[in-house]
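K.L.:
Input file: final03.tsv. Contents: TSV, C-alpha atoms (C1' of nucleotides).
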chain	number	residue	atom	x	y	z
S	74	MET	CA	-194.15	-78.28	62.45
S	75	PRO	CA	-191.15	-76.17	63.16
S	76	GLU	CA	-189.74	-74.90	59.88
S	77	LEU	CA	-188.82	-71.30	59.10
S	78	ALA	CA	-192.32	-69.81	59.40
S	79	GLU	CA	-193.22	-71.65	62.59
S	80	VAL	CA	-189.92	-70.77	64.23
S	81	GLU	CA	-190.30	-67.10	63.27
S	82	THR	CA	-193.79	-67.14	64.77
S	83	VAL	CA	-192.50	-68.66	67.99
S	84	ARG	CA	-189.70	-66.09	68.16
S	85	ARG	CA	-192.16	-63.24	67.80
S	86	ALA	CA	-194.39	-64.65	70.50
S	87	VAL	CA	-191.44	-64.81	72.89
S	88	GLU	CA	-190.31	-61.31	71.91
S	89	THR	CA	-193.69	-59.70	72.55
S	90	GLY	CA	-194.50	-61.77	75.62
S	91	PHE	CA	-191.20	-61.70	77.50
S	92	ARG	CA	-188.90	-58.89	76.38
S	93	GLY	CA	-187.81	-56.77	79.32
S	94	LYS	CA	-188.77	-59.34	81.92
S	95	ARG	CA	-186.40	-60.73	84.52
S	96	ILE	CA	-185.95	-64.44	85.23
S	97	VAL	CA	-186.41	-65.55	88.80
S	98	THR	CA	-186.14	-69.32	88.40
S	99	VAL	CA	-184.54	-71.62	85.84
S	100	ILE	CA	-185.64	-75.25	85.82
S	101	CYS	CA	-183.78	-77.66	83.55
S	102	ARG	CA	-184.40	-81.37	83.07
S	103	GLN	CA	-181.25	-83.46	83.47
S	104	ASP	CA	-180.68	-84.32	79.82
S	105	PRO	CA	-177.22	-84.41	78.24
S	106	ILE	CA	-178.68	-84.67	74.73
S	107	VAL	CA	-181.00	-81.70	74.72
S	108	PHE	CA	-178.37	-79.71	76.61
S	109	ASP	CA	-174.67	-80.05	75.79
S	110	GLU	CA	-171.70	-81.35	77.77
S	111	LEU	CA	-171.90	-78.35	80.09
S	112	GLY	CA	-175.16	-79.79	81.36
S	113	PRO	CA	-178.25	-78.05	82.67
S	114	ARG	CA	-176.42	-76.58	85.66
S	115	ALA	CA	-174.58	-74.12	83.45
S	116	PHE	CA	-177.91	-72.71	82.32
S	117	THR	CA	-179.29	-72.28	85.79
S	118	GLY	CA	-176.26	-70.36	87.03
S	119	ARG	CA	-175.94	-68.10	84.04
S	120	LEU	CA	-179.57	-67.21	83.51
S	121	ARG	CA	-180.98	-66.67	86.97
S	122	GLY	CA	-181.67	-62.97	87.56
S	123	GLN	CA	-181.10	-62.05	83.91
S	124	THR	CA	-183.40	-59.82	81.87
S	125	LEU	CA	-184.43	-60.74	78.32
S	126	ILE	CA	-183.24	-57.93	76.07
S	127	GLY	CA	-183.94	-59.38	72.62
S	128	THR	CA	-184.44	-62.36	70.35
S	129	GLY	CA	-183.08	-63.51	67.02
S	130	ARG	CA	-183.53	-66.21	64.43
S	131	LYS	CA	-181.84	-67.70	61.43
S	132	GLY	CA	-183.15	-70.74	59.60
S	133	LYS	CA	-184.72	-73.03	62.17
S	134	PHE	CA	-182.55	-71.76	65.04
S	135	PHE	CA	-183.70	-68.96	67.32
S	136	TRP	CA	-182.24	-67.43	70.43
S	137	LEU	CA	-183.08	-65.34	73.47
S	138	THR	CA	-180.48	-62.77	74.50
S	139	PHE	CA	-180.10	-61.69	78.12
S	140	ASP	CA	-178.46	-58.62	79.63
S	141	GLY	CA	-175.64	-60.63	81.21
S	142	GLY	CA	-174.28	-61.37	77.72
S	143	TRP	CA	-175.52	-64.94	77.30
S	144	SER	CA	-177.97	-66.11	74.69
S	145	VAL	CA	-180.01	-69.30	74.87
S	146	LEU	CA	-179.89	-70.85	71.40
S	147	MET	CA	-182.65	-73.29	70.57
S	148	HIS	CA	-183.58	-75.69	67.82
S	149	LEU	CA	-187.00	-77.31	68.02
S	150	GLY	CA	-186.10	-80.50	66.14
S	151	MET	CA	-189.18	-82.28	64.86
S	152	THR	CA	-191.45	-82.07	67.87
S	153	GLY	CA	-190.09	-79.23	69.98
S	154	TRP	CA	-192.24	-76.22	70.86
S	155	ILE	CA	-192.42	-73.21	73.14
S	156	GLU	CA	-195.26	-72.98	75.63
S	157	GLN	CA	-196.10	-70.06	77.85
S	158	GLY	CA	-198.47	-69.46	80.72
S	159	ARG	CA	-198.95	-68.20	84.27
S	160	PHE	CA	-197.84	-69.86	87.47
S	161	GLY	CA	-199.98	-72.75	88.59
S	162	GLN	CA	-201.13	-73.98	85.20
S	163	MET	CA	-198.69	-76.18	83.41
S	164	ASP	CA	-198.37	-79.64	81.97
S	165	LEU	CA	-194.74	-80.46	82.56
S	166	ARG	CA	-194.64	-83.85	80.90
S	167	PHE	CA	-192.32	-82.89	78.04
S	168	ALA	CA	-190.74	-79.71	79.36
S	169	ARG	CA	-186.93	-79.74	79.07
S	170	MET	CA	-186.40	-76.19	80.28
S	171	GLN	CA	-188.64	-73.70	82.01
S	172	LEU	CA	-187.90	-70.07	82.66
S	173	GLU	CA	-190.00	-68.41	85.33
S	174	PHE	CA	-190.24	-64.63	85.36
S	175	GLU	CA	-190.81	-62.09	88.10
S	176	ASP	CA	-194.35	-61.30	86.98
S	177	GLU	CA	-195.35	-64.94	87.57
S	178	THR	CA	-195.37	-65.97	83.93
S	179	TRP	CA	-193.32	-68.81	82.51
S	180	LEU	CA	-191.91	-69.96	79.23
S	181	ALA	CA	-191.09	-73.61	78.56
S	182	PHE	CA	-189.23	-75.53	75.87
S	183	THR	CA	-191.12	-78.79	75.38
S	184	ASP	CA	-189.99	-81.70	73.25
S	185	PRO	CA	-191.38	-85.23	73.52
S	186	ARG	CA	-188.90	-86.80	71.13
S	187	ARG	CA	-185.75	-85.05	72.35
S	188	LEU	CA	-184.40	-84.20	68.90
S	189	GLY	CA	-184.46	-80.51	69.88
S	190	ARG	CA	-181.34	-78.78	71.22
S	191	ILE	CA	-180.64	-76.01	73.72
S	192	ARG	CA	-177.24	-74.29	73.87
S	193	LEU	CA	-175.58	-71.28	75.48
S	194	ARG	CA	-173.76	-68.82	73.23
S	195	THR	CA	-172.28	-65.34	73.57
S	196	ASP	CA	-172.49	-64.60	69.85
S	197	PRO	CA	-175.19	-66.87	68.44
S	198	LEU	CA	-175.05	-65.48	64.90
S	199	GLY	CA	-171.26	-65.60	64.68
S	200	GLU	CA	-170.62	-69.07	66.13
S	201	PRO	CA	-171.54	-72.55	64.92
S	202	PRO	CA	-174.04	-73.93	64.29
S	203	VAL	CA	-175.77	-70.74	63.10
S	204	SER	CA	-172.67	-69.37	61.37
S	205	LYS	CA	-172.65	-72.42	59.10
S	206	LEU	CA	-176.15	-71.86	57.77
S	207	GLY	CA	-176.84	-70.67	54.25
S	208	PHE	CA	-179.13	-67.77	53.42
S	209	ASP	CA	-182.48	-67.33	55.12
S	210	VAL	CA	-185.03	-66.42	52.48
S	211	TYR	CA	-187.05	-64.32	54.93
S	212	LEU	CA	-184.04	-62.27	56.09
S	213	ASP	CA	-181.71	-62.28	53.10
S	214	ASP	CA	-182.05	-61.75	49.37
S	215	PRO	CA	-179.02	-63.09	47.52
S	216	GLY	CA	-180.87	-62.71	44.21
S	217	ARG	CA	-182.54	-65.15	41.87
S	218	ASP	CA	-179.60	-65.26	39.45
S	219	TRP	CA	-177.13	-66.20	42.16
S	220	PHE	CA	-179.62	-68.80	43.37
S	221	ALA	CA	-180.05	-70.24	39.88
S	222	ALA	CA	-176.29	-70.45	39.34
S	223	GLU	CA	-175.74	-72.26	42.66
S	224	VAL	CA	-178.53	-74.74	41.98
S	225	GLN	CA	-177.17	-75.49	38.52
S	226	LYS	CA	-173.78	-76.45	40.02
S	227	ARG	CA	-175.27	-79.29	42.01
S	228	LYS	CA	-176.08	-82.86	41.11
S	229	ALA	CA	-178.41	-83.75	43.98
S	230	PRO	CA	-182.20	-83.79	43.50
S	231	ILE	CA	-183.62	-80.26	43.82
S	232	LYS	CA	-185.60	-81.25	46.88
S	233	ALA	CA	-182.42	-82.39	48.67
S	234	ILE	CA	-180.78	-79.08	47.70
S	235	LEU	CA	-183.64	-77.12	49.27
S	236	LEU	CA	-183.38	-79.18	52.45
S	237	ASP	CA	-179.63	-78.44	52.76
S	238	GLN	CA	-179.47	-75.96	55.65
S	239	GLY	CA	-176.02	-74.84	54.53
S	240	PHE	CA	-177.65	-73.56	51.37
S	241	THR	CA	-181.26	-72.50	52.11
S	242	ALA	CA	-181.60	-72.20	55.88
S	243	GLY	CA	-185.05	-72.83	57.29
S	244	ILE	CA	-186.58	-74.90	54.50
S	245	GLY	CA	-187.94	-78.20	55.80
S	246	ASN	CA	-189.91	-81.06	54.38
S	247	TRP	CA	-193.33	-79.50	53.89
S	248	LEU	CA	-191.97	-76.15	52.67
S	249	ALA	CA	-189.73	-77.89	50.13
S	250	ASP	CA	-192.67	-79.88	48.76
S	251	GLU	CA	-194.89	-76.79	48.67
S	252	ILE	CA	-192.24	-74.72	46.88
S	253	LEU	CA	-191.66	-77.36	44.20
S	254	PHE	CA	-195.40	-77.90	43.74
S	255	GLN	CA	-196.07	-74.20	43.23
S	256	ALA	CA	-193.01	-73.80	41.00
S	257	ARG	CA	-194.23	-76.87	39.05
S	258	ILE	CA	-190.92	-78.73	39.30
S	259	ASP	CA	-190.49	-82.48	39.86
S	260	PRO	CA	-188.68	-82.89	43.22
S	261	ARG	CA	-186.40	-85.59	41.77
S	262	ARG	CA	-184.88	-83.31	39.12
S	263	ARG	CA	-181.13	-82.84	39.60
S	264	GLY	CA	-180.00	-79.26	40.14
S	265	ASP	CA	-177.82	-79.33	37.05
S	266	THR	CA	-180.78	-80.25	34.84
S	267	LEU	CA	-182.81	-77.16	35.75
S	268	THR	CA	-182.94	-74.22	33.38
S	269	ARG	CA	-182.33	-70.71	34.67
S	270	THR	CA	-186.02	-69.98	34.24
S	271	GLU	CA	-187.00	-73.02	36.31
S	272	ALA	CA	-184.54	-72.18	39.08
S	273	ARG	CA	-185.82	-68.60	39.18
S	274	ALA	CA	-189.36	-69.91	39.49
S	275	ILE	CA	-188.29	-71.94	42.51
S	276	TYR	CA	-186.69	-68.90	44.11
S	277	ARG	CA	-189.80	-66.82	43.51
S	278	ALA	CA	-192.10	-69.52	44.93
S	279	MET	CA	-189.84	-69.89	47.97
S	280	LYS	CA	-190.01	-66.18	48.81
S	281	ARG	CA	-193.74	-65.97	48.19
S	282	ILE	CA	-194.64	-69.04	50.27
S	283	VAL	CA	-192.37	-68.21	53.21
S	284	ASN	CA	-193.55	-64.58	53.34
S	285	ARG	CA	-197.16	-65.65	53.22
S	286	ALA	CA	-196.75	-68.34	55.87
S	287	VAL	CA	-195.02	-65.90	58.23
S	288	LYS	CA	-197.67	-63.25	57.62
S	289	LEU	CA	-200.32	-65.81	58.57
S	290	GLY	CA	-198.48	-66.58	61.79
S	291	ALA	CA	-197.76	-70.07	60.49
S	292	ASP	CA	-201.40	-70.90	61.23
S	293	ASP	CA	-201.90	-73.65	58.69
S	294	THR	CA	-205.70	-73.40	58.85
S	295	LYS	CA	-205.28	-70.02	57.13
S	296	PHE	CA	-203.06	-71.26	54.31
S	297	PRO	CA	-204.84	-71.02	50.93
S	298	ASN	CA	-206.75	-74.15	50.00
S	299	THR	CA	-204.79	-74.29	46.73
S	300	TRP	CA	-201.63	-75.13	48.70
S	301	LEU	CA	-200.45	-78.71	48.59
S	302	PHE	CA	-200.06	-78.52	52.37
S	303	HIS	CA	-203.71	-79.30	53.09
S	304	HIS	CA	-203.80	-82.37	50.91
S	305	ARG	CA	-200.37	-83.94	51.31
S	306	TRP	CA	-200.55	-85.76	54.64
S	307	GLY	CA	-201.21	-89.41	55.25
S	308	LYS	CA	-199.80	-90.94	52.08
S	309	ASN	CA	-203.20	-92.22	51.05
S	310	ALA	CA	-203.67	-93.28	47.45
S	311	GLU	CA	-206.85	-91.23	47.05
S	312	ALA	CA	-205.16	-87.94	47.94
S	313	ARG	CA	-205.82	-85.12	45.48
S	314	THR	CA	-205.07	-81.42	45.22
S	315	SER	CA	-207.77	-78.72	45.26
S	316	THR	CA	-207.96	-79.03	41.47
S	317	GLY	CA	-208.41	-82.80	41.61
S	318	ASP	CA	-204.92	-83.80	40.54
S	319	PRO	CA	-203.68	-87.00	42.19
S	320	ILE	CA	-200.85	-86.71	44.75
S	321	GLU	CA	-198.00	-89.21	44.64
S	322	HIS	CA	-195.67	-90.11	47.48
S	323	CYS	CA	-192.05	-91.16	47.17
S	324	THR	CA	-188.73	-90.73	48.97
S	325	VAL	CA	-186.33	-87.98	47.88
S	326	GLY	CA	-183.30	-86.86	49.84
S	327	GLY	CA	-184.19	-89.47	52.44
S	328	ARG	CA	-187.55	-87.80	53.20
S	329	THR	CA	-191.16	-88.60	52.48
S	330	THR	CA	-192.14	-86.47	49.52
S	331	ALA	CA	-195.57	-85.52	48.23
S	332	TRP	CA	-195.83	-84.30	44.64
S	333	VAL	CA	-198.25	-84.01	41.74
S	334	PRO	CA	-197.09	-85.64	38.49
S	335	THR	CA	-199.70	-83.90	36.35
S	336	VAL	CA	-198.42	-80.48	37.48
S	337	GLN	CA	-194.72	-80.95	38.24
S	338	VAL	CA	-192.27	-81.75	35.45
L	136	DC	C1'	-196.81	-104.84	67.94
L	137	DT	C1'	-194.97	-102.22	64.10
L	138	DC	C1'	-193.77	-98.25	61.86
L	139	DA	C1'	-193.78	-93.51	60.09
L	140	DG	C1'	-192.17	-89.06	61.18
L	141	DT	C1'	-192.41	-81.40	60.00
L	142	DG	C1'	-185.17	-82.56	62.51
L	143	DT	C1'	-179.69	-82.81	62.14
L	144	DT	C1'	-175.36	-85.35	62.12
L	145	DC	C1'	-171.99	-88.33	60.60
L	146	DA	C1'	-169.85	-92.49	58.48
L	147	DG	C1'	-169.25	-94.40	54.12
L	148	DT	C1'	-168.96	-94.08	49.05
L	149	DG	C1'	-167.50	-92.51	44.53
C	282	DT	C1'	-161.48	-82.75	49.35
C	283	DC	C1'	-166.04	-82.47	47.75
C	284	DA	C1'	-170.76	-83.93	46.94
C	285	DC	C1'	-173.92	-86.94	48.05
C	286	DT	C1'	-176.60	-90.90	50.42
C	287	DG	C1'	-178.52	-93.38	54.04
C	288	DA	C1'	-178.54	-94.85	58.75
C	289	DA	C1'	-178.72	-93.39	63.42
C	290	DC	C1'	-180.65	-90.75	66.91
C	291	DA	C1'	-185.21	-90.97	70.13
C	292	DC	C1'	-189.92	-91.38	71.21
C	293	DT	C1'	-194.94	-90.87	70.55
C	294	DG	C1'	-199.07	-91.96	68.50
C	295	DA	C1'	-201.61	-94.13	64.79
Please go through the file and, once you have read it, give me the structure as structure tokens.
P.N.:
Amino acid sequence: MPELAEVETVRRAVETGFRGKRIVTVICRQDPIVFDELGPRAFTGRLRGQTLIGTGRKGKFFWLTFDGGWSVLMHLGMTGWIEQGRFGQMDLRFARMQLEFEDETWLAFTDPRRLGRIRLRTDPLGEPPVSKLGFDVYLDDPGRDWFAAEVQKRKAPIKAILLDQGFTAGIGNWLADEILFQARIDPRRRGDTLTRTEARAIYRAMKRIVNRAVKLGADDTKFPNTWLFHHRWGKNAEARTSTGDPIEHCTVGGRTTAWVPTVQV
DNA sequence: CTCAGTGTTCAGTG
DNA sequence: TCACTGAACACTGA
């Protein structure tokens, strides 16, 4: 479930597990979609022998920076993930790229559905696509009043606004639903119908939920039982929250949306 | 066999 | 030009 908190957790795992290590082998699947027009060969040539000196993230993008000046920029799409292990123990079925390090450990980008992307950049934060992202609520604090004013300028449903990566980078489908549930706002409400108080409540819920999810290492089994998260999946008509309120499903902003009519107005 | 799905992009519309 | 919507992309697993 790679949204902001999951991606941050993956980035940290790579940072602690691989920083300072040198790549000995780069293995890339021939795949012009996951890679770009440069193709996998560009990666192999530029990364072999390089040492990982740092990592970064904004929204759902994260990157690994090497001492030769190149960064590998990744987006996990819907089903992408990072796996790590030691030589001799790997299931390669969905691996698109594997980096093998001199201490006989490896790191792999896996993605069954191929909606993930891997790119090479020299300045990942300053170049598209990352430069086009809006604020990241874990890294930036533009302020609740600025947030409220921006929301009130827009006519789209508030859920679609939260999913707009050019506005709130890193918010995905489950986070958007959780934020609106906890802020008690109907996901279909247009931005320009929200009061300043309501918009501020959304901002507060967004910060609280993202901070908590990151602190828990995005381990959803540790999310509080009061969160909608645990009860929202499967679109079944019997679904209820921890307080017994019925959960409805509809489509907002082109995405399946779970919400609670007795709580959200 | 059919279809939903935690992602982004882009063509089309008003 | 801007804001917004919905289809396309691609594939697995229920």
K.L.:
Can you work out which residues from chain C touch chain S at a cut-off of 10 Å (counting all atoms listed in the file) and hand them back as a PDB file with C-alpha atoms (C1' of nucleotides), keeping the file's coordinate frame?
P.N.:
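Wrote iface_3.pdb, looks like this:
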ATOM      1  C1'  DA C 284    -170.760 -83.930  46.940  1.00  0.00           C
ATOM      2  C1'  DC C 285    -173.920 -86.940  48.050  1.00  0.00           C
ATOM      3  C1'  DT C 286    -176.600 -90.900  50.420  1.00  0.00           C
ATOM      4  C1'  DG C 287    -178.520 -93.380  54.040  1.00  0.00           C
ATOM      5  C1'  DC C 290    -180.650 -90.750  66.910  1.00  0.00           C
ATOM      6  C1'  DA C 291    -185.210 -90.970  70.130  1.00  0.00           C
ATOM      7  C1'  DC C 292    -189.920 -91.380  71.210  1.00  0.00           C
ATOM      8  C1'  DT C 293    -194.940 -90.870  70.550  1.00  0.00           C
TER       9       DT C 293
END
K.L.:
Mind dumping a table of every chain S residue within 7 Å of chain L, with the nearest atom pair and its distance in Å to one decimal, using all atoms listed in the file, sorted by chain and rising number, as JSON lines?
P.N.:
{"residue": "S:Met74", "atom": "CA", "partner": "L:DT141", "partner_atom": "C1'", "distance": 4.3}
{"residue": "S:Pro75", "atom": "CA", "partner": "L:DT141", "partner_atom": "C1'", "distance": 6.2}
{"residue": "S:Gly150", "atom": "CA", "partner": "L:DG142", "partner_atom": "C1'", "distance": 4.3}
{"residue": "S:Met151", "atom": "CA", "partner": "L:DG142", "partner_atom": "C1'", "distance": 4.7}
{"residue": "S:Leu188", "atom": "CA", "partner": "L:DG142", "partner_atom": "C1'", "distance": 6.6}
{"residue": "S:Gly245", "atom": "CA", "partner": "L:DT141", "partner_atom": "C1'", "distance": 6.9}
{"residue": "S:Asn246", "atom": "CA", "partner": "L:DT141", "partner_atom": "C1'", "distance": 6.2}
{"residue": "S:Trp247", "atom": "CA", "partner": "L:DT141", "partner_atom": "C1'", "distance": 6.5}
K.L.:
If you measure from atom CA of Gly158 of chain S to atom CA of Leu180 of chain S, what distance in Å do you get, rounded to one decimal?
P.N.:
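Going from atom CA of Gly158 of chain S over to atom CA of Leu180 of chain S covers 6.7 Å.
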K.L.:
Mind giving me the axis-aligned box for chain L with 4 Å on every side, centre plus edges in Å to one decimal, as lines of an AutoDock Vina configuration file?
P.N.:
center_x = -182.2
center_y = -93.1
center_z = 56.2
size_x = 37.3
size_y = 31.4
size_z = 31.4
K.L.:
May I have the residues at most 12 Å from (-180.1, -84.9, 81.5) in the file's coordinates, counting all atoms listed in the file, as a PyMOL selection string?
P.N.:
chain S and resi 100-114+169-170+187+191
K.L.:
Generate the output file for the selected residues, C-alpha atoms, as an mmCIF file, in the coordinates of the input.
P.N.:
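Once everything was written out, this is out03.cif:
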data_model
loop_
_atom_site.group_PDB
_atom_site.id
_atom_site.type_symbol
_atom_site.label_atom_id
_atom_site.label_comp_id
_atom_site.auth_asym_id
_atom_site.auth_seq_id
_atom_site.Cartn_x
_atom_site.Cartn_y
_atom_site.Cartn_z
ATOM 1 C CA ILE S 100 -185.640 -75.250 85.820
ATOM 2 C CA CYS S 101 -183.780 -77.660 83.550
ATOM 3 C CA ARG S 102 -184.400 -81.370 83.070
ATOM 4 C CA GLN S 103 -181.250 -83.460 83.470
ATOM 5 C CA ASP S 104 -180.680 -84.320 79.820
ATOM 6 C CA PRO S 105 -177.220 -84.410 78.240
ATOM 7 C CA ILE S 106 -178.680 -84.670 74.730
ATOM 8 C CA VAL S 107 -181.000 -81.700 74.720
ATOM 9 C CA PHE S 108 -178.370 -79.710 76.610
ATOM 10 C CA ASP S 109 -174.670 -80.050 75.790
ATOM 11 C CA GLU S 110 -171.700 -81.350 77.770
ATOM 12 C CA LEU S 111 -171.900 -78.350 80.090
ATOM 13 C CA GLY S 112 -175.160 -79.790 81.360
ATOM 14 C CA PRO S 113 -178.250 -78.050 82.670
ATOM 15 C CA ARG S 114 -176.420 -76.580 85.660
ATOM 16 C CA ARG S 169 -186.930 -79.740 79.070
ATOM 17 C CA MET S 170 -186.400 -76.190 80.280
ATOM 18 C CA ARG S 187 -185.750 -85.050 72.350
ATOM 19 C CA ILE S 191 -180.640 -76.010 73.720
#
K.L.:
Tell me, in Å to one decimal, how far atom CA of Val224 of chain S is from atom CA of Thr82 of chain S.
P.N.:
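Interatomic distance, atom CA of Val224 of chain S to atom CA of Thr82 of chain S: 28.5 Å.
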K.L.:
Quick one, how far is atom CA of Ala249 of chain S from atom CA of Met279 of chain S?
P.N.:
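For atom CA of Ala249 of chain S relative to atom CA of Met279 of chain S, the distance reads 8.3 Å.
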K.L.:
Within 9 Å of (-188.1, -84.5, 39.7) in the file's own coordinates, which protein, DNA or RNA residues have an atom, counting only C-alpha atoms (C1' of nucleotides)? List them as a ChimeraX atom specification.
P.N.:
/S:230-232,258-263,337-338
K.L.:
Tell me, as a list in words, which residues lie within 8 Å of His148 of chain S, counting only C-alpha atoms (C1' of nucleotides); anything in the same chain fewer than 6 positions away does not count.
P.N.:
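So, after excluding close chain neighbours, the residues are Lys133, Phe134, Phe135, Gly189, Arg190 and Ile191 of chain S.
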K.L.:
What lies within 12 Å of Asp292 of chain S using all atoms listed in the file, ignoring chain neighbours under 5 positions off, as a list of chain:residue names?
P.N.:
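Returned residues: S:Met74, S:Pro75, S:Ala78, S:Glu79, S:Val80, S:Glu81, S:Thr82, S:Val83, S:Arg285, S:Ala286, S:Val287, S:Pro297, S:Phe302, S:His303.
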K.L.:
Would you mind completing segment 286-307 of chain S so that it carries N, CA and C atoms, and writing it out as an mmCIF file, in the coordinates of the input?
P.N.:
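The resulting file, out_30.cif, is shown below:
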data_model
loop_
_atom_site.group_PDB
_atom_site.id
_atom_site.type_symbol
_atom_site.label_atom_id
_atom_site.label_comp_id
_atom_site.auth_asym_id
_atom_site.auth_seq_id
_atom_site.Cartn_x
_atom_site.Cartn_y
_atom_site.Cartn_z
ATOM 1 N N ALA S 286 -196.592 -67.498 54.669
ATOM 2 C CA ALA S 286 -196.750 -68.340 55.870
ATOM 3 C C ALA S 286 -196.402 -67.561 57.133
ATOM 4 N N VAL S 287 -195.381 -66.715 57.056
ATOM 5 C CA VAL S 287 -195.020 -65.900 58.230
ATOM 6 C C VAL S 287 -196.119 -64.891 58.509
ATOM 7 N N LYS S 288 -196.616 -64.260 57.451
ATOM 8 C CA LYS S 288 -197.670 -63.250 57.620
ATOM 9 C C LYS S 288 -198.913 -63.863 58.280
ATOM 10 N N LEU S 289 -199.163 -65.135 57.985
ATOM 11 C CA LEU S 289 -200.320 -65.810 58.570
ATOM 12 C C LEU S 289 -200.006 -66.412 59.939
ATOM 13 N N GLY S 290 -198.850 -66.065 60.487
ATOM 14 C CA GLY S 290 -198.480 -66.580 61.790
ATOM 15 C C GLY S 290 -198.307 -68.083 61.797
ATOM 16 N N ALA S 291 -197.955 -68.637 60.644
ATOM 17 C CA ALA S 291 -197.760 -70.070 60.490
ATOM 18 C C ALA S 291 -198.983 -70.881 60.920
ATOM 19 N N ASP S 292 -200.151 -70.212 60.897
ATOM 20 C CA ASP S 292 -201.400 -70.900 61.230
ATOM 21 C C ASP S 292 -201.889 -71.619 59.977
ATOM 22 N N ASP S 293 -201.664 -72.926 59.945
ATOM 23 C CA ASP S 293 -201.900 -73.650 58.690
ATOM 24 C C ASP S 293 -203.384 -73.679 58.286
ATOM 25 N N THR S 294 -204.276 -73.442 59.234
ATOM 26 C CA THR S 294 -205.700 -73.400 58.850
ATOM 27 C C THR S 294 -205.995 -72.201 57.951
ATOM 28 N N LYS S 295 -205.081 -71.225 57.966
ATOM 29 C CA LYS S 295 -205.280 -70.020 57.130
ATOM 30 C C LYS S 295 -204.543 -70.096 55.802
ATOM 31 N N PHE S 296 -203.755 -71.134 55.591
ATOM 32 C CA PHE S 296 -203.060 -71.260 54.310
ATOM 33 C C PHE S 296 -204.121 -71.439 53.208
ATOM 34 N N PRO S 297 -203.874 -70.866 52.027
ATOM 35 C CA PRO S 297 -204.840 -71.020 50.930
ATOM 36 C C PRO S 297 -205.128 -72.489 50.634
ATOM 37 N N ASN S 298 -206.356 -72.767 50.288
ATOM 38 C CA ASN S 298 -206.750 -74.150 50.000
ATOM 39 C C ASN S 298 -206.042 -74.717 48.765
ATOM 40 N N THR S 299 -205.512 -73.824 47.925
ATOM 41 C CA THR S 299 -204.790 -74.290 46.730
ATOM 42 C C THR S 299 -203.415 -74.850 47.082
ATOM 43 N N TRP S 300 -202.944 -74.613 48.310
ATOM 44 C CA TRP S 300 -201.630 -75.130 48.700
ATOM 45 C C TRP S 300 -201.671 -76.650 48.844
ATOM 46 N N LEU S 301 -200.580 -77.258 48.448
ATOM 47 C CA LEU S 301 -200.450 -78.710 48.590
ATOM 48 C C LEU S 301 -200.553 -79.133 50.060
ATOM 49 N N PHE S 302 -200.112 -78.251 50.932
ATOM 50 C CA PHE S 302 -200.060 -78.520 52.370
ATOM 51 C C PHE S 302 -201.299 -79.242 52.914
ATOM 52 N N HIS S 303 -202.469 -78.754 52.529
ATOM 53 C CA HIS S 303 -203.710 -79.300 53.090
ATOM 54 C C HIS S 303 -204.031 -80.707 52.615
ATOM 55 N N HIS S 304 -203.395 -81.118 51.549
ATOM 56 C CA HIS S 304 -203.800 -82.370 50.910
ATOM 57 C C HIS S 304 -202.724 -83.451 50.943
ATOM 58 N N ARG S 305 -201.550 -83.097 51.480
ATOM 59 C CA ARG S 305 -200.370 -83.940 51.310
ATOM 60 C C ARG S 305 -200.197 -85.013 52.367
ATOM 61 N N TRP S 306 -200.840 -84.883 53.515
ATOM 62 C CA TRP S 306 -200.550 -85.760 54.640
ATOM 63 C C TRP S 306 -201.205 -87.119 54.503
ATOM 64 N N GLY S 307 -200.569 -88.112 55.129
ATOM 65 C CA GLY S 307 -201.210 -89.410 55.250
ATOM 66 C C GLY S 307 -200.946 -90.407 54.148
#
